[in-house]
Amino acid sequence: MEISDTLNPKQREAVLHTEGPLLILAGAGSGKTRVLTHRIACLIEEKGVNPWNILAITFTNKAAGEMRERVDSLVKSGAGSVWVSTFHSLCVRILRRFIEYLGYENNFSIYDADDQKTLMKQVIKKLNLDPKQYRERPMMSIISSAKNELIDTETFRKKSGGDWKLGKAADVYEAYQAELKKNNALDFDDLIFKTVDLFRVNAEVLDYYRERFRYIMVDEYQDTNTAQFELIALLAGKYGNLCVVGDDDQSIYKFRGADIGNILNFEETFPGTKVIKLEQNYRSTAHILDAANAVICNNKGRKQKTLWTANEDGPLVMFRQYGQAYEEAEGIVRDMLAQGRNLRDFAVLYRTNAQSRLLEEKCISYNIPYRLVGGVNFYQRREIKDILCYLKTIANGRDDLAVQRIINVPKRGIGASSIGKVMEWAGRQETSFYEGCVHAASIPGMGKAAGKIQGFVSQIQDFARRNQAWELGIRQEEDVPQNRRYGLEGLIRDILEETGYRSELQAEGEEEAKARLENIDELINKAASYCAENEEPSLNGFLEEVSLVADVDRMDDSQDRVTLMTLHSAKGLEFPVVYLSGMEDGLFPSSMSIMSDDPTDIEEERRLCYVGITRARERLTMTAARMRMSKGETRYSKVSRFVEEIPGDLVDTMSPGARANANASSNARYEEKKFDGRQFKPQTVVGGRTPGFGKEFTIQKASALEYGAGDRVRHGRFGDGTVQSVTDGARDFEVAVEFDRFGVKKMFASIAKLEKL
DNA sequence: CGTGGCATAGTTTTT
DNA sequence: CTATGCCACG
């Protein structure tokens with residue numbers, strides 16, 4: 001085959017350079033996946049490398065799946081032996097095989113964020129720390145960063161020096177790790193950390209994988225953290241055939257420990273590195289690309305490169321500012337409808353998951369099918385977690401968290417005090433909670449509860465026996481519906497029926513139960529397809545698969561639907577038409593990053609904006625709202641600084657006439673809530689490069705107000721009322737007024753323009 | 001032992 | 001505003 005036919009010179013160079021360290025700086029839409037897949041094909045077909053010796057690491061399972069598919073279609077045979085995987089699944093596979101060297105059992109559980117939180121809460125309680133002062137989240141993030149930096153408990157303790165607060169954190173870290181180990185469980189960060197640990201303590205295992213993975217490729221390299229870096233460096237330490245692909249401008253996971261230094265310093269770390277820049281963009285129109293470049297060039301400390309394209313100019317970038325956030329959502333939905341394209345062409349992106357709600361509501365009211373990526377995770381739903389905890393208990397009885405979650409679900413009359421007694425006993429015996437349940441009868445003071453616990457234990461044992469029989473390939477004789485082979489599907493069904501989970505669910509209400517049972521059905525389908533797709537399906541394998549899914553992995557693009565998702569989830573994807581919603585200072589960039597004294601925080605937001613812009617192929621629309629509800633109160637925002645960074649001649653701000661139209665039509669539906677847009681004419685216009693929008697909405701805070709609590713005032717729309725309170729906020733005075741006809745309203749003084757009577 | 005009501009905290013982003 | 005968590009009561 002002619003591998004290089006469809007590639008440009010730079011791409012071809014990257015594909016053919018197969019030996020030694022290679023850094024590919026690939027701008028957005030520059031065809032990096034094509035380079036990677038062709039490179040794999042080249043290794044196999046031109047250089048005669050055994051596919052078995054190739055490892056490609058991606059960020060999400062979705063990306064891995066796509067790469068696998070493309071390699072399959074490119075390579076005649078053997079492509080199946082190429083190991084394409086995410087960091088996390090790679091590590092799980094390695095650990096399942098060798099973790100016993102680290103003192104864990106190979107049926108370990110994987111804890112997600114919820115599990116971590118529960119465990120952390122227990123730890124804080126156990127250490128008798130004030131839960132007001134030591135909250136789970138901050139503690140988790142301290143520990144997570146430590147693990148991402150490969151700092152173990154011992155080093156952490158040393159580094160804490162005499163610092164009291166850090167010493168406490170060290171206590172928590174130690175206790176948390178001990179608890180995980182006791183439960184034979186690893187959290188997400190551990191998966192990487194422990195694999196590095198394994199490689200460091202066991203030279204044989206390391207060498208085995210070094211021999212195995214002679215050619216390594218890493219996608220999205222800009223988002224690797226120290227632990228992941230070390231993992232790769234160890235693996236590539238013998239043959240040195242390491243090819244990383246990334247774009248420093250698209251590094252958006254600093255909060256998760258990603259170290260942009262990994263890509264910026266790659267050349268120094270790996271002497272003899274060949275650097276290839278891919279700067280031609282094949283994805284977007286020139287206008288979109290110019291806008292992206294205009295935004296990102298405000299960042300300092302980036303590798304110099306300029307994306308260019310041979311594509312046509314395309315339409316201008318659109319910007320629209322609405323009054324209320326729901327008008328913004330409606331505006332987007334109507335705009336999509338007006339274009340008359342396939343719904344799958346559209347993506348609406350936003351900074352925070354909370355923003356999806358309004359968009360969903362509007363999609364529903366306009367009858368537009370949508371697909372929501374992220375948000376409340378399927379696997380976080382109560383009923384799904386319940387069933388998964390049954391499965392986890394069956395797979396790994398040492399997972400106390402799982403056992404404790406389900407021991408009284410459905411209700412078995414095992415209450416908090418009985419559970420407490422078992423916990424106490426297990427603690428004294430230095431054994432697991434489940435083991436405590438097994439010996440419930442011999443625990444003093446258990447009373448009637450002992451029998452109930454026994455019942456639970458024998459149920460679990462029964463399930464475990466069936467599962468073991470299935471895993472060993474023995475056909476289950478009894479309880480087989482027709483001639484279907486017993487498997488995970490059957491196991492979940494049995495759990496549902498035999499524990500009484502289904503009947504309890506049905507007892508509690510029609511609608512609710514129906515929805516939950518549908519979710520469980522979806523889980524059963526998942527289990528069935530897992531079993532069908534895998535050579536050697538196992539309970540642990542299934543649990544892994546469900547715990548390592550990213551939100552985008554569950555994105556189903558088979559149906560013609562609009563996609564709603566966060567900017568983070570959108571990384572690596574592309575759509576013909578993209579809306580960037582909520583372009584407001586304080587939301588995007590987030591107020592956290594604005595307040596931060598670390599200037600690189602805002603740069604990370606800017607990179608996120610760059611990622612968002614470059615998702616669009618043909619048409620990009622940015623939208624903002626002046627008012628948005630958050631935490632129960634209205635927030636007023638000006639247009640995002642990122643919008644201002646785009647030169648005015650690239651932007652189409654809606655003409656005043658068109659805006660009036662849009663408002664008029666949206667009013668029809670929301671008349672009662674509508675707040676006349678004209679009242680929001682700027683009080684003060686502070687000069688901006690781009691006329692028509694930008695800095696127009698700068699509120700001039702008055703030094704004092706002429707009215708106070710108790711005074712009668714008049715409002716342009718709400719009529720007369722009595723001032724209840726005046727709060728002196730940072731940006732403006734906030735006034736609460738009880739209107740005679742409209743009730744109590746809170747408003748900002750400079751906007752409301754209240755007139756004293 | 002279970003439930004229902006109230007209080008409080010929380011919003012970045014996720015494998 | 002909404003989700004979660006805790007406490008008091010039945």
# chains A, B, ... in the order shown; residues from 1 in each chain; ligands from 1
>>> closest_atom_pairs(of="chain A", to="chain B", cutoff="8 Å", atoms="only C-alpha atoms (C1' of nucleotides)", output="CSV")
residue,atom,partner,partner_atom,distance
A:Phe59,CA,B:DT15,C1',7.8
A:Thr60,CA,B:DT15,C1',7.7
A:His88,CA,B:DT15,C1',6.9
A:Phe188,CA,B:DT15,C1',7.0
A:Tyr253,CA,B:DT13,C1',7.6
A:Phe255,CA,B:DT13,C1',7.7
A:Arg256,CA,B:DT14,C1',7.6
A:Arg351,CA,B:DT12,C1',7.3
A:Thr352,CA,B:DT12,C1',6.1
A:Ala354,CA,B:DT11,C1',7.6
A:Gly413,CA,B:DC1,C1',7.4
A:Gly415,CA,B:DC1,C1',6.3
A:Leu548,CA,B:DT15,C1',7.0
A:Val549,CA,B:DT15,C1',7.9
A:Ala550,CA,B:DT15,C1',6.6
A:His568,CA,B:DT13,C1',6.3
A:Ser590,CA,B:DT12,C1',6.8
A:Met592,CA,B:DT12,C1',7.8
A:Lys631,CA,B:DG10,C1',7.8
>>> write_last_selection(atoms="N, CA, C and O atoms", output="short mmCIF file (atom, residue, chain, number, x, y, z; two decimals), in the first residue's frame")
data_model
loop_
_atom_site.label_atom_id
_atom_site.label_comp_id
_atom_site.auth_asym_id
_atom_site.auth_seq_id
_atom_site.Cartn_x
_atom_site.Cartn_y
_atom_site.Cartn_z
N PHE A 59 -6.53 9.24 25.17
CA PHE A 59 -7.07 9.83 26.39
C PHE A 59 -8.40 9.20 26.78
O PHE A 59 -8.67 8.99 27.95
N THR A 60 -9.22 8.90 25.81
CA THR A 60 -10.52 8.30 26.10
C THR A 60 -10.68 7.00 25.33
O THR A 60 -9.99 6.75 24.34
N HIS A 88 -5.48 4.48 31.71
CA HIS A 88 -6.07 3.77 32.83
C HIS A 88 -6.33 2.31 32.52
O HIS A 88 -6.01 1.44 33.33
N PHE A 188 -8.60 6.02 41.00
CA PHE A 188 -8.12 6.30 39.64
C PHE A 188 -6.64 6.65 39.61
O PHE A 188 -5.89 6.16 38.77
N TYR A 253 -6.07 20.31 31.24
CA TYR A 253 -6.32 19.48 32.42
C TYR A 253 -5.33 19.73 33.55
O TYR A 253 -4.97 18.82 34.27
N PHE A 255 -5.90 21.12 36.27
CA PHE A 255 -6.56 20.81 37.54
C PHE A 255 -6.48 19.33 37.88
O PHE A 255 -6.70 18.93 39.00
N ARG A 256 -6.20 18.53 36.88
CA ARG A 256 -6.09 17.10 37.13
C ARG A 256 -4.62 16.68 37.16
O ARG A 256 -4.30 15.51 37.06
N ARG A 351 -19.17 25.86 29.54
CA ARG A 351 -18.07 25.73 30.49
C ARG A 351 -18.41 24.75 31.63
O ARG A 351 -17.58 23.98 32.07
N THR A 352 -19.62 24.87 32.15
CA THR A 352 -19.98 24.03 33.31
C THR A 352 -21.20 23.18 33.00
O THR A 352 -22.09 23.58 32.24
N ALA A 354 -23.71 22.59 34.71
CA ALA A 354 -24.98 23.17 35.15
C ALA A 354 -25.68 23.91 34.02
O ALA A 354 -26.90 24.04 34.01
N GLY A 413 -33.62 -5.27 57.28
CA GLY A 413 -33.72 -5.05 58.70
C GLY A 413 -32.37 -5.04 59.39
O GLY A 413 -32.24 -5.36 60.57
N GLY A 415 -29.74 -2.61 60.54
CA GLY A 415 -29.63 -1.16 60.73
C GLY A 415 -28.23 -0.69 61.06
O GLY A 415 -27.28 -1.48 61.11
N LEU A 548 -14.17 2.53 34.02
CA LEU A 548 -13.18 3.35 33.31
C LEU A 548 -13.76 4.10 32.13
O LEU A 548 -13.02 4.59 31.28
N VAL A 549 -15.06 4.23 32.06
CA VAL A 549 -15.63 4.96 30.93
C VAL A 549 -15.63 6.46 31.20
O VAL A 549 -15.94 6.91 32.28
N ALA A 550 -15.28 7.18 30.20
CA ALA A 550 -15.40 8.64 30.25
C ALA A 550 -16.77 9.00 29.71
O ALA A 550 -17.44 8.17 29.09
N HIS A 568 -14.59 20.69 27.91
CA HIS A 568 -13.60 19.66 28.18
C HIS A 568 -13.92 18.36 27.45
O HIS A 568 -13.05 17.74 26.86
N SER A 590 -13.83 31.39 34.11
CA SER A 590 -14.49 31.25 35.40
C SER A 590 -13.95 32.28 36.38
O SER A 590 -12.81 32.73 36.27
N MET A 592 -13.11 31.84 39.29
CA MET A 592 -11.96 31.25 39.99
C MET A 592 -10.66 31.67 39.31
O MET A 592 -9.70 32.08 39.96
N LYS A 631 -26.95 29.74 42.05
CA LYS A 631 -27.16 29.62 43.48
C LYS A 631 -28.41 30.38 43.92
O LYS A 631 -28.43 31.02 44.97
#
>>> interface_residues(of="chain A", to="chain C", cutoff="10 Å", atoms="only C-alpha atoms (C1' of nucleotides)", output="PyMOL selection string")
chain A and resi 629-633
>>> select_by_dssp(residues="region 367-529 of chain A", states="alpha helix (DSSP H)", output="ChimeraX atom specification")
/A:382-395,400-406,416-429,433-438,449-471,488-498,501-507,510-529
>>> atom_distance(atom1="CA of Glu435 (chain A)", atom2="CA of Thr393 (chain A)")
11.5 Å
>>> select_by_dssp(residues="region 155-281 of chain A", states="strand (DSSP E or B)", output="list in words")
Ala185, Leu186, Asp187, Tyr215, Ile216, Met217, Val218, Asn225, Leu242, Cys243, Val244, Val245, Gly246, Ala258, Lys274, Val275, Ile276, Lys277, Leu278, Gln280 and Asn281 of chain A
>>> write_last_selection(atoms="all heavy atoms", output="short mmCIF file (atom, residue, chain, number, x, y, z; two decimals), in the first residue's frame")
data_model
loop_
_atom_site.label_atom_id
_atom_site.label_comp_id
_atom_site.auth_asym_id
_atom_site.auth_seq_id
_atom_site.Cartn_x
_atom_site.Cartn_y
_atom_site.Cartn_z
N ALA A 185 -8.63 -2.13 47.18
CA ALA A 185 -9.17 -1.22 46.17
C ALA A 185 -8.12 -0.20 45.75
O ALA A 185 -7.22 0.14 46.50
CB ALA A 185 -10.39 -0.50 46.72
N LEU A 186 -8.26 0.28 44.52
CA LEU A 186 -7.41 1.35 44.01
C LEU A 186 -8.30 2.47 43.51
O LEU A 186 -9.37 2.21 42.94
CB LEU A 186 -6.57 0.86 42.82
CG LEU A 186 -5.63 -0.33 43.00
CD1 LEU A 186 -4.84 -0.54 41.73
CD2 LEU A 186 -4.68 -0.11 44.16
N ASP A 187 -7.89 3.71 43.73
CA ASP A 187 -8.64 4.80 43.10
C ASP A 187 -8.00 5.10 41.74
O ASP A 187 -6.99 4.48 41.37
CB ASP A 187 -8.72 6.03 44.02
CG ASP A 187 -7.38 6.67 44.29
OD1 ASP A 187 -6.42 6.41 43.52
OD2 ASP A 187 -7.27 7.45 45.26
N TYR A 215 7.51 -0.04 20.48
CA TYR A 215 7.13 1.22 19.83
C TYR A 215 5.92 1.81 20.56
O TYR A 215 4.87 1.18 20.63
CB TYR A 215 6.80 0.99 18.35
CG TYR A 215 8.02 0.62 17.56
CD1 TYR A 215 8.46 -0.70 17.47
CD2 TYR A 215 8.77 1.62 16.93
CE1 TYR A 215 9.61 -1.03 16.77
CE2 TYR A 215 9.92 1.30 16.22
CZ TYR A 215 10.33 -0.03 16.15
OH TYR A 215 11.47 -0.33 15.46
N ILE A 216 6.13 2.99 21.10
CA ILE A 216 5.07 3.59 21.91
C ILE A 216 4.63 4.91 21.31
O ILE A 216 5.45 5.74 20.92
CB ILE A 216 5.56 3.82 23.36
CG1 ILE A 216 5.98 2.47 23.97
CG2 ILE A 216 4.48 4.48 24.21
CD1 ILE A 216 6.66 2.61 25.31
N MET A 217 3.32 5.08 21.25
CA MET A 217 2.77 6.36 20.78
C MET A 217 1.79 6.89 21.81
O MET A 217 0.98 6.14 22.35
CB MET A 217 2.05 6.17 19.45
CG MET A 217 2.96 6.31 18.26
SD MET A 217 2.33 5.47 16.83
CE MET A 217 3.00 3.85 17.14
N VAL A 218 1.89 8.18 22.08
CA VAL A 218 0.99 8.78 23.06
C VAL A 218 0.28 9.98 22.43
O VAL A 218 0.92 10.91 21.94
CB VAL A 218 1.76 9.27 24.31
CG1 VAL A 218 0.79 9.80 25.35
CG2 VAL A 218 2.60 8.15 24.90
N ASN A 225 0.22 13.85 33.12
CA ASN A 225 0.77 14.35 34.38
C ASN A 225 2.09 13.64 34.68
O ASN A 225 2.55 12.80 33.90
CB ASN A 225 -0.25 14.19 35.51
CG ASN A 225 -0.66 12.74 35.73
OD1 ASN A 225 0.15 11.84 35.62
ND2 ASN A 225 -1.93 12.54 36.06
N LEU A 242 9.78 6.40 21.23
CA LEU A 242 8.63 7.04 21.83
C LEU A 242 8.17 8.20 20.95
O LEU A 242 8.93 9.12 20.68
CB LEU A 242 9.00 7.57 23.22
CG LEU A 242 7.94 8.40 23.94
CD1 LEU A 242 6.68 7.59 24.19
CD2 LEU A 242 8.51 8.91 25.26
N CYS A 243 6.94 8.11 20.51
CA CYS A 243 6.39 9.17 19.69
C CYS A 243 5.22 9.80 20.43
O CYS A 243 4.26 9.12 20.77
CB CYS A 243 5.92 8.59 18.36
SG CYS A 243 4.80 9.65 17.43
N VAL A 244 5.33 11.09 20.73
CA VAL A 244 4.22 11.75 21.41
C VAL A 244 3.63 12.81 20.49
O VAL A 244 4.34 13.48 19.75
CB VAL A 244 4.64 12.37 22.76
CG1 VAL A 244 5.24 11.32 23.67
CG2 VAL A 244 5.62 13.52 22.56
N VAL A 245 2.31 12.92 20.57
CA VAL A 245 1.61 13.89 19.75
C VAL A 245 0.82 14.80 20.66
O VAL A 245 0.12 14.34 21.55
CB VAL A 245 0.61 13.20 18.79
CG1 VAL A 245 0.00 14.20 17.84
CG2 VAL A 245 1.29 12.08 18.05
N GLY A 246 0.98 16.08 20.46
CA GLY A 246 0.22 16.97 21.33
C GLY A 246 0.24 18.39 20.83
O GLY A 246 0.87 18.72 19.82
N ALA A 258 -2.22 17.61 35.00
CA ALA A 258 -1.50 17.65 33.74
C ALA A 258 -0.41 18.71 33.82
O ALA A 258 -0.61 19.80 34.32
CB ALA A 258 -2.44 17.96 32.59
N LYS A 274 13.42 14.28 17.53
CA LYS A 274 13.05 14.91 16.27
C LYS A 274 11.72 15.63 16.51
O LYS A 274 10.81 15.06 17.08
CB LYS A 274 12.89 13.82 15.20
CG LYS A 274 12.24 14.26 13.94
CD LYS A 274 13.28 14.76 12.96
CE LYS A 274 12.61 15.25 11.67
NZ LYS A 274 13.56 16.03 10.86
N VAL A 275 11.68 16.91 16.13
CA VAL A 275 10.45 17.68 16.33
C VAL A 275 9.80 17.98 14.99
O VAL A 275 10.46 18.46 14.07
CB VAL A 275 10.73 19.02 17.06
CG1 VAL A 275 9.42 19.76 17.30
CG2 VAL A 275 11.45 18.77 18.37
N ILE A 276 8.56 17.67 14.87
CA ILE A 276 7.82 17.97 13.64
C ILE A 276 6.57 18.76 13.99
O ILE A 276 5.82 18.36 14.88
CB ILE A 276 7.45 16.68 12.88
CG1 ILE A 276 8.72 15.95 12.45
CG2 ILE A 276 6.56 16.99 11.69
CD1 ILE A 276 8.48 14.60 11.83
N LYS A 277 6.40 19.88 13.30
CA LYS A 277 5.20 20.68 13.55
C LYS A 277 4.19 20.48 12.44
O LYS A 277 4.54 20.57 11.26
CB LYS A 277 5.56 22.17 13.60
CG LYS A 277 6.35 22.59 14.82
CD LYS A 277 6.54 24.09 14.82
CE LYS A 277 7.50 24.52 15.92
NZ LYS A 277 7.73 25.97 15.92
N LEU A 278 2.98 20.22 12.80
CA LEU A 278 1.90 20.14 11.82
C LEU A 278 1.07 21.41 11.99
O LEU A 278 0.39 21.57 12.99
CB LEU A 278 1.04 18.91 12.05
CG LEU A 278 1.74 17.54 12.04
CD1 LEU A 278 0.74 16.43 12.31
CD2 LEU A 278 2.45 17.30 10.72
N GLN A 280 -0.78 22.90 9.23
CA GLN A 280 -1.89 23.11 8.30
C GLN A 280 -3.17 22.49 8.86
O GLN A 280 -3.21 21.30 9.18
CB GLN A 280 -1.60 22.52 6.92
CG GLN A 280 -2.78 22.77 5.97
CD GLN A 280 -2.51 22.34 4.55
OE1 GLN A 280 -1.46 21.76 4.24
NE2 GLN A 280 -3.46 22.62 3.67
N ASN A 281 -4.18 23.33 8.97
CA ASN A 281 -5.46 22.88 9.50
C ASN A 281 -6.36 22.49 8.35
O ASN A 281 -6.52 23.23 7.38
CB ASN A 281 -6.08 24.01 10.33
CG ASN A 281 -7.49 23.71 10.76
OD1 ASN A 281 -8.40 23.60 9.94
ND2 ASN A 281 -7.69 23.60 12.06
#
>>> atom_distance(atom1="CA of Pro576 (chain A)", atom2="CA of Tyr326 (chain A)")
24.2 Å
>>> atom_distance(atom1="CA of Leu337 (chain A)", atom2="CA of Ser365 (chain A)")
12.6 Å
>>> residues_around(residues="region 122-124 of chain A", least_positions_apart="6", cutoff="9 Å", atoms="only C-alpha atoms (C1' of nucleotides)", output="CSV table (one decimal) with all heavy atoms, in the first residue's frame")
chain,number,residue,atom,x,y,z
A,130,ASP,N,-12.0,17.3,62.8
A,130,ASP,CA,-13.2,18.2,62.7
A,130,ASP,C,-13.7,18.2,61.3
A,130,ASP,O,-13.0,18.7,60.4
A,130,ASP,CB,-12.9,19.6,63.2
A,130,ASP,CG,-14.1,20.5,63.1
A,130,ASP,OD1,-15.2,20.0,62.8
A,130,ASP,OD2,-13.9,21.7,63.2
A,131,PRO,N,-14.9,17.6,61.0
A,131,PRO,CA,-15.3,17.5,59.6
A,131,PRO,C,-15.6,18.9,59.0
A,131,PRO,O,-15.7,19.1,57.8
A,131,PRO,CB,-16.6,16.7,59.7
A,131,PRO,CG,-17.0,16.7,61.1
A,131,PRO,CD,-15.8,17.0,62.0
A,134,TYR,N,-11.9,19.8,58.0
A,134,TYR,CA,-11.4,18.9,57.1
A,134,TYR,C,-12.5,18.3,56.2
A,134,TYR,O,-13.2,17.4,56.6
A,134,TYR,CB,-10.6,17.8,57.8
A,134,TYR,CG,-9.4,18.3,58.5
A,134,TYR,CD1,-9.5,18.7,59.8
A,134,TYR,CD2,-8.2,18.3,57.9
A,134,TYR,CE1,-8.4,19.2,60.5
A,134,TYR,CE2,-7.0,18.8,58.6
A,134,TYR,CZ,-7.2,19.2,59.9
A,134,TYR,OH,-6.1,19.7,60.6
A,135,ARG,N,-12.7,18.9,55.1
A,135,ARG,CA,-13.7,18.4,54.2
A,135,ARG,C,-13.1,17.5,53.2
A,135,ARG,O,-12.0,17.5,52.8
A,135,ARG,CB,-14.4,19.6,53.5
A,135,ARG,CG,-15.6,20.1,54.3
A,135,ARG,CD,-16.3,21.2,53.5
A,135,ARG,NE,-16.0,22.5,54.1
A,135,ARG,CZ,-16.8,23.0,55.1
A,135,ARG,NH1,-17.8,22.4,55.5
A,135,ARG,NH2,-16.5,24.2,55.5
A,136,GLU,N,-14.0,16.6,52.7
A,136,GLU,CA,-13.5,15.5,51.8
A,136,GLU,C,-12.9,16.0,50.5
A,136,GLU,O,-11.8,15.6,50.2
A,136,GLU,CB,-14.7,14.6,51.4
A,136,GLU,CG,-15.4,13.9,52.5
A,136,GLU,CD,-16.7,14.6,52.8
A,136,GLU,OE1,-17.6,14.6,51.9
A,136,GLU,OE2,-16.9,15.2,53.9
A,172,VAL,N,-4.1,11.9,57.0
A,172,VAL,CA,-5.2,11.6,56.2
A,172,VAL,C,-4.8,10.7,55.0
A,172,VAL,O,-5.3,9.6,54.7
A,172,VAL,CB,-6.0,12.8,55.7
A,172,VAL,CG1,-7.1,12.4,54.7
A,172,VAL,CG2,-6.6,13.6,56.8
A,175,ALA,N,-3.9,7.2,56.2
A,175,ALA,CA,-5.1,6.5,56.6
A,175,ALA,C,-5.9,6.1,55.4
A,175,ALA,O,-6.4,5.0,55.3
A,175,ALA,CB,-5.9,7.3,57.6
A,176,TYR,N,-6.0,7.0,54.5
A,176,TYR,CA,-6.7,6.8,53.3
A,176,TYR,C,-6.1,5.6,52.5
A,176,TYR,O,-6.9,4.7,52.0
A,176,TYR,CB,-6.8,8.0,52.4
A,176,TYR,CG,-7.4,8.0,51.1
A,176,TYR,CD1,-8.8,8.0,51.0
A,176,TYR,CD2,-6.7,7.9,49.9
A,176,TYR,CE1,-9.4,7.9,49.7
A,176,TYR,CE2,-7.3,7.8,48.7
A,176,TYR,CZ,-8.6,7.8,48.6
A,176,TYR,OH,-9.2,7.8,47.4
A,179,GLU,N,-6.7,2.3,54.2
A,179,GLU,CA,-8.1,1.9,54.0
A,179,GLU,C,-8.3,1.3,52.7
A,179,GLU,O,-9.0,0.3,52.5
A,179,GLU,CB,-9.0,3.1,54.3
A,179,GLU,CG,-10.4,2.9,54.8
A,179,GLU,CD,-10.3,2.2,56.2
A,179,GLU,OE1,-9.4,2.4,56.9
A,179,GLU,OE2,-11.3,1.5,56.5
>>> residues_around(residues="Gly323 (chain A)", least_positions_apart="4", cutoff="7 Å", atoms="only C-alpha atoms (C1' of nucleotides)", output="list in words")
Glu327, Ala625, Arg626, Met627 and Gly677 of chain A
>>> write_last_selection(atoms="C-alpha atoms", output="PDB file, in the first residue's frame")
ATOM      1  CA  GLU A 327     -33.297  33.544  26.055  1.00  0.00           C
ATOM      2  CA  ALA A 625     -26.443  36.289  28.517  1.00  0.00           C
ATOM      3  CA  ARG A 626     -26.456  39.435  30.602  1.00  0.00           C
ATOM      4  CA  MET A 627     -28.329  37.763  33.414  1.00  0.00           C
ATOM      5  CA  GLY A 677     -33.786  44.252  26.802  1.00  0.00           C
TER       6      GLY A 677
END
